[in-house]
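Engineer: This is the structure I want to talk about, given as structure tokens.
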Amino acid sequence: MVKEDNPISQVDEDEDEKESSNGGEEEEEDDFDEDEDEDEDEEEEEQQLPVTSESRMRAERARMEGIFHRISSERVPLRVHDVLIKGNNKTKESLIEAEVEALKNATSVQELLQAATIANARLQKLDIFDSVNITLDSGPPELPGTSNVIVQVVESKNPLTGDIGIFTKPEAKSWSLEGSLKLKNLFGYGDLWDGSLSYGWDQTSEVSAGVSLPRFMRLLTPVMARVSLLSQDWLKFSSYKEQALGLSLGLLSTKNHDLAYNISWRTLTDPSQMASKSIRRQLGHGLLSHLKYTFKIDRRNSSLRPTRGFAFVSTSQLGGIFPDYRSLRFIRQEVDLRYALPLGFAGAALNFGVAGGVLFPWGNGFLNTPASLPDRFFLGGNSSPVCTLGGPTSLLGFKTRGLGPSEPKRQVKTNSEDTNSDTSERDFLGGDLAVTAFADLSFDLPLKVLRDSNIHAHAFACAGSLTKLTENAFQDFSFQKYRDSFRSSAGFGLIVPTKLFRMEVNYCYIVRQHEEDRAKTGVQFSFSSPL
Amino acid sequence: MDEAIQSEQQQHLTLVIRKACFGLPTACPSCLPVYIYLKFANVPFDLSYNLTFPDSDHFLSIESTKDKEKLLLLSTSVNFCDVSLDLQHLCSLADQIPYVDTDTYVAYNNEKGGVIESLKEDNIVNLDAGVQNLPEWVSTMAMINSWLSDAILYELWVGSDGSSAHKIYYSDLPWPVGKLLYLKQVHNVKQLLGISKETAERREEEIYRRATMAYQALSTKLGEESFFSDNRQVPTCYIFLPTSLDAFFLGHALITLYALPETSVLRGKLLEQANLVKYADKLKAEFLDAGSSSPDPSSSSVPRRGPSNWGKFRVPVTNCSKPKGQPKRERTQEEKSFRRKAKYFLVTQMVAVLVFLSLLGGSDDTEVDADGDDGFDYDG
């Protein structure tokens, strides 16, 4: 083996040392570490061997330094001869080969080191190995300028893991307490199976099972499939209960783009038999088959307390892509734009946000059909508008589903004289056009203790509107009426961020509301978790 | 509050039923009797269809099914009337649909004994005032609501190939949902009727036998009259008016005759009773196919005018003239215009005859006058 042509005899890249994929800087670090290791080896050797070998070591070191100098200053050509994979008893070779494919294309030492770092990170991300080692060894002696890459993996001994936590999942529309079990790499394709049970804040409960495949039919991004049984109880607010059995397929998932297909069988029932007229007409079964595309950019410096940057989310849903014309057909579009402006004193920042959404059915007779009830927009609730990114949902001061079009519930003839309580009961029907806007000024408090735990104060103002467009309601639409439909609130409060969620204690003053809205001026608690 | 509800109810009733098919305004066995009842009462109402909730009786719990089995065993040894009626109310009337509603008032089918009972109790429509305490009427109602109700349930879901049930309940639901709900309902019906692999043959024979007995009894009871019950309020007159019994039986008969396939055993058994078939066809022509005062958006049949509207309540009066105690029926606009036109026609005819007689110098055709009465025959 001619060492001059093979500048590197051994480079070990341990998982502990690899953190960034910045190849250039890392090369130097690796070489330094390698150098140090070799130095240590050399020192040990020195103690054992007679002094005559010292000169040999010095020569080696000088040679290594020369090589190192060459690598950092000029491009050192190298070719990969073979990639060997070891340690995979269950995992299919094709999966690992796909992740390390870029190594074969490396033409120089620098590229090879960079590719090796990236390959290591990707194999780690599969979440099925306990450790990953990529070793660059010299190639066969008859082929100079080549290198063999040895990928050594240690598969997880225990494929089953469980955990309990507080999460936010898009299907549940709010945060929830969730327990889940994960099964890793059952079939050797890097498949991750999980089953979870979650119970949500608004009496939502969900049982679901899913599988995630990193490589499926040459698709670039992981494919996920999830079957879920969801149950939501809206009896108190809109007099119906929703149950949905669904299958969702995540087709594309990158940092900014997300495309998913969902098909679910939804049933709306009213066991209380007190629903208002519009709700009564909507009860029954339906098949929802829709494609959902989400585009998201979040350049804020924090999602819990943003002080700089902007964020934009756009979600488009097309319902009705199913061969059967009787499935639910609608188009739904939501946008959400945020901006945080630092004010330069006391950690203060000004957060602005505006969100809007529109829903409209399509198909035969679409002008007269009402929009599907669970897909409508509902405003109100206890979550902070600063943290919840993704469409018009919150308006502080108003209760869950507490504003918008409403209808009186059924009146039952009672023998007693307490008819007053029944007459005020209303069902909130949601709307087809929703707009919310808020402005929030957050600042640190003078006490150091509070500053250290990131407890801060804020003053806010929000406004929102929820109106109906379907069933020919848009023909009565006028700017004056629309302006009158806006509700608003303002207030101030204290924010306490904890590890799991963000808690706020606010005093809200309702500036403008409609007579039937459920809103209250006063102190209220609000909880959010970062999405 | 009560008066407010009452006035509101009477103003703008909407009946929500399952879709129209097989030439009937609805072919669902629990919905059609309510529709017919409102038509008998000549109450104006709007129609609205619920196409997506075929199993609105899914609140029926297993426990009550088990109770039903126990009570069924008990009922065979005791007089079935009252016990059976309660069971049927338990089981078949657990369906939310049909219902009658206004903006804030609702009469669901699974409350207070059914839509018709609710309407009676809330003083909206009551056709049974004179008869609902008569033992014969009550036992006939019990027979219809147990034996015949079971028979049609069996025939729709188990006895036939299910194509009728598919069309009535699931034709507006997407295929996978409809298919699964159909299978679930077949299973529920089998449980309800106590049909299992061992008992299937025995139960089928029992259900058909009871249906045949019921048809024979009803045929005997009806005879040649136009309705089943005579109003005993006026003792000396036998006036046959429609009651909810007619609504229930007519609903059953029409579905059996028109919605079930031609190979259906139950249909064959009903066809053996000619007077019942004639009764069903006649009332269908008079009340369901004829034009009505309320808008019927789904109906595409041309409303029949003419003598059929006149003959709504045939009154074979024997001893007295028209009793004053009868509730006044509002004549429809079409009836009024028809009467006017008929009067003009007859007057014109009479004038023509008189002119003929006077101009042509009088003959001895005095029978012409008698023949002129043909126009007054309303039997058509």
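Chain identifiers are assigned as A, B, and so on, following the order in which chains appear in the structure tokens; residues are numbered from 1 within each chain, and ligands are numbered from 1 in order of appearance.
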With chain B as the partner and 9 Å as the cut-off, tabulate the residues of chain A that qualify, each row holding the nearest pair of atoms and their distance in Å to one decimal, using only C-alpha atoms, sorted by chain and rising number, as CSV.
Structural biologist:
```
residue,atom,partner,partner_atom,distance
A:Trp265,CA,B:Val177,CA,7.1
A:Thr267,CA,B:Phe53,CA,8.8
A:Thr269,CA,B:Ser56,CA,8.2
A:Pro271,CA,B:Phe59,CA,7.8
A:Gln273,CA,B:Tyr108,CA,8.4
A:Met274,CA,B:Val106,CA,8.8
A:Ser276,CA,B:Thr104,CA,6.9
A:Lys277,CA,B:Asp103,CA,6.1
A:Arg281,CA,B:Asn50,CA,7.1
A:Gln282,CA,B:Thr52,CA,8.5
A:Leu283,CA,B:Phe53,CA,6.8
A:Gly284,CA,B:Phe53,CA,4.1
A:His285,CA,B:Thr52,CA,5.3
A:Gly286,CA,B:Thr52,CA,7.0
A:Leu287,CA,B:Pro174,CA,6.6
A:Asp324,CA,B:Pro174,CA,6.0
A:Tyr325,CA,B:Pro174,CA,7.6
A:Arg326,CA,B:Pro174,CA,5.3
A:Ser327,CA,B:Pro174,CA,6.0
A:Pro408,CA,B:Thr104,CA,6.9
A:Lys409,CA,B:Thr104,CA,6.4
A:Arg410,CA,B:Thr104,CA,4.6
A:Gln411,CA,B:Thr104,CA,5.4
A:Val412,CA,B:Tyr105,CA,7.1
A:Lys413,CA,B:Asp2,CA,7.2
A:Thr419,CA,B:Met1,CA,8.5
```
Engineer: What's around Thr498 (chain A) at 10 Å? Count only C-alpha atoms, leave out sequence neighbours fewer than 3 positions away in its own chain, and write the answer as a PyMOL selection string.
Structural biologist: chain A and resi 304+453-455+495+501-503+529
Engineer: Write out as a PDB file with N, CA, C and O atoms, in the first residue's frame which residues come within 9 Å of Asn382 (chain A) when counting only C-alpha atoms, dropping same-chain ones fewer than 4 positions away.
Structural biologist:
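Final output, part-v7.pdb:
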```
ATOM      1  N   SER A 394     -58.826  31.529  17.454  1.00  0.00           N
ATOM      2  CA  SER A 394     -59.010  32.000  18.823  1.00  0.00           C
ATOM      3  C   SER A 394     -59.320  33.481  18.905  1.00  0.00           C
ATOM      4  O   SER A 394     -58.873  34.273  18.086  1.00  0.00           O
ATOM      5  N   LEU A 395     -60.109  33.785  19.892  1.00  0.00           N
ATOM      6  CA  LEU A 395     -60.458  35.165  20.198  1.00  0.00           C
ATOM      7  C   LEU A 395     -60.602  35.217  21.710  1.00  0.00           C
ATOM      8  O   LEU A 395     -61.557  34.682  22.273  1.00  0.00           O
ATOM      9  N   LEU A 396     -59.644  35.844  22.357  1.00  0.00           N
ATOM     10  CA  LEU A 396     -59.650  35.815  23.819  1.00  0.00           C
ATOM     11  C   LEU A 396     -60.864  36.517  24.375  1.00  0.00           C
ATOM     12  O   LEU A 396     -61.294  37.566  23.871  1.00  0.00           O
ATOM     13  N   GLY A 397     -61.411  35.953  25.429  1.00  0.00           N
ATOM     14  CA  GLY A 397     -62.586  36.544  26.053  1.00  0.00           C
ATOM     15  C   GLY A 397     -63.863  35.820  25.671  1.00  0.00           C
ATOM     16  O   GLY A 397     -64.866  35.888  26.375  1.00  0.00           O
ATOM     17  N   PHE A 398     -63.845  35.134  24.573  1.00  0.00           N
ATOM     18  CA  PHE A 398     -65.034  34.421  24.114  1.00  0.00           C
ATOM     19  C   PHE A 398     -64.856  32.938  24.405  1.00  0.00           C
ATOM     20  O   PHE A 398     -63.784  32.386  24.209  1.00  0.00           O
ATOM     21  N   LYS A 399     -65.926  32.288  24.806  1.00  0.00           N
ATOM     22  CA  LYS A 399     -65.837  30.877  25.163  1.00  0.00           C
ATOM     23  C   LYS A 399     -65.713  30.025  23.888  1.00  0.00           C
ATOM     24  O   LYS A 399     -65.940  30.495  22.782  1.00  0.00           O
ATOM     25  N   THR A 400     -65.408  28.760  24.091  1.00  0.00           N
ATOM     26  CA  THR A 400     -65.278  27.843  22.953  1.00  0.00           C
ATOM     27  C   THR A 400     -66.557  27.887  22.127  1.00  0.00           C
ATOM     28  O   THR A 400     -67.659  27.748  22.668  1.00  0.00           O
ATOM     29  N   GLN A 524     -59.543  35.386  33.123  1.00  0.00           N
ATOM     30  CA  GLN A 524     -59.655  34.029  32.589  1.00  0.00           C
ATOM     31  C   GLN A 524     -58.268  33.418  32.410  1.00  0.00           C
ATOM     32  O   GLN A 524     -57.290  34.128  32.231  1.00  0.00           O
ATOM     33  N   PHE A 525     -58.248  32.089  32.413  1.00  0.00           N
ATOM     34  CA  PHE A 525     -57.014  31.349  32.195  1.00  0.00           C
ATOM     35  C   PHE A 525     -57.005  30.843  30.769  1.00  0.00           C
ATOM     36  O   PHE A 525     -58.035  30.491  30.217  1.00  0.00           O
ATOM     37  N   SER A 526     -55.831  30.826  30.215  1.00  0.00           N
ATOM     38  CA  SER A 526     -55.776  30.262  28.872  1.00  0.00           C
ATOM     39  C   SER A 526     -54.512  29.430  28.735  1.00  0.00           C
ATOM     40  O   SER A 526     -53.484  29.724  29.336  1.00  0.00           O
ATOM     41  N   PHE A 527     -54.630  28.339  28.011  1.00  0.00           N
ATOM     42  CA  PHE A 527     -53.526  27.393  27.869  1.00  0.00           C
ATOM     43  C   PHE A 527     -53.212  27.196  26.408  1.00  0.00           C
ATOM     44  O   PHE A 527     -54.101  27.069  25.594  1.00  0.00           O
ATOM     45  N   SER A 528     -51.949  27.149  26.102  1.00  0.00           N
ATOM     46  CA  SER A 528     -51.578  26.822  24.721  1.00  0.00           C
ATOM     47  C   SER A 528     -50.353  25.943  24.747  1.00  0.00           C
ATOM     48  O   SER A 528     -49.566  25.984  25.688  1.00  0.00           O
TER      49      SER A 528
END
```
Engineer: Could you give me, as a list of chain:residue names, the residues within 9 Å of Leu288 (chain B), counting only C-alpha atoms and dropping anything in the same chain fewer than 6 positions from it?
Structural biologist: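 Counting only C-alpha atoms, the residues come to B:Leu24, B:Pro25, B:Ile36, B:Lys39, B:Pro303.
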Engineer: Mind pulling up the distance from CA of Gly179 (chain A) to CA of Trp234 (chain A)?
Structural biologist: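 Taking CA of Trp234 (chain A) and CA of Gly179 (chain A), their separation equals 23.3 Å.
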Engineer: Please list as a PyMOL selection string every residue within 6 Å of Asn506 (chain A), counting only C-alpha atoms and excluding residues in the same chain fewer than 6 positions away.
Structural biologist: chain A and resi 492-493+523-524
Engineer: Write the residues of the preceding selection, restricted to N, CA and C atoms, as a PDB file, in the first residue's frame.
Structural biologist:
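Writing the result to result32.pdb gives the following:
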```
ATOM      1  N   PHE A 492     -55.087  42.617  29.315  1.00  0.00           N
ATOM      2  CA  PHE A 492     -53.684  42.457  29.675  1.00  0.00           C
ATOM      3  C   PHE A 492     -53.566  41.242  30.588  1.00  0.00           C
ATOM      4  N   GLY A 493     -52.342  40.769  30.730  1.00  0.00           N
ATOM      5  CA  GLY A 493     -52.197  39.596  31.584  1.00  0.00           C
ATOM      6  C   GLY A 493     -50.767  39.177  31.794  1.00  0.00           C
ATOM      7  N   VAL A 523     -61.503  37.918  34.520  1.00  0.00           N
ATOM      8  CA  VAL A 523     -60.240  37.181  34.555  1.00  0.00           C
ATOM      9  C   VAL A 523     -60.460  35.790  33.960  1.00  0.00           C
ATOM     10  N   GLN A 524     -59.543  35.386  33.123  1.00  0.00           N
ATOM     11  CA  GLN A 524     -59.655  34.029  32.589  1.00  0.00           C
ATOM     12  C   GLN A 524     -58.268  33.418  32.410  1.00  0.00           C
TER      13      GLN A 524
END
```
Engineer: Between A:Leu252, A:Val386, A:Ala62, A:Val151, which has the minimum distance to Ala116 (chain A) (counting only C-alpha atoms)?
Structural biologist: A:Val151
Engineer: For the atom pair CA of Gly353 (chain A) and CA of Gly250 (chain A), what is the interatomic distance in Å to one decimal place?
Structural biologist: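 Between these atoms lies a distance of 28.6 Å.
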Engineer: Considering only C-alpha atoms, can you say which of B:Gln349, B:Ala259, B:Asn123, B:Glu334 comes closest to Ser164 (chain B)?
Structural biologist: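 Between B:Gln349, B:Ala259, B:Asn123, B:Glu334, the residue approaching Ser164 (chain B) most closely is B:Ala259.
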Engineer: Can you measure CA of Glu74 (chain A) to CA of Ala59 (chain A) for me? One decimal in Å is fine.
Structural biologist: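 Here the two named atoms are 22.0 Å from each other.
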Engineer: Enumerate, as a PyMOL selection string, the complete set of residues in region 304-496 of chain A that a backbone-based DSSP assignment places in strand (DSSP E or B).
Structural biologist: chain A and resi 309-319+330-342+349-361+377+398+406-408+426-428+431+433-444+456-467+487-496
Engineer: Pick out the closest residue to Glu136 (chain B) from this set: B:Phe22, B:Tyr182, B:Phe228, B:Tyr99. Count only C-alpha atoms.
Structural biologist: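 Ranked by minimum distance to Glu136 (chain B), first place goes to B:Phe228.
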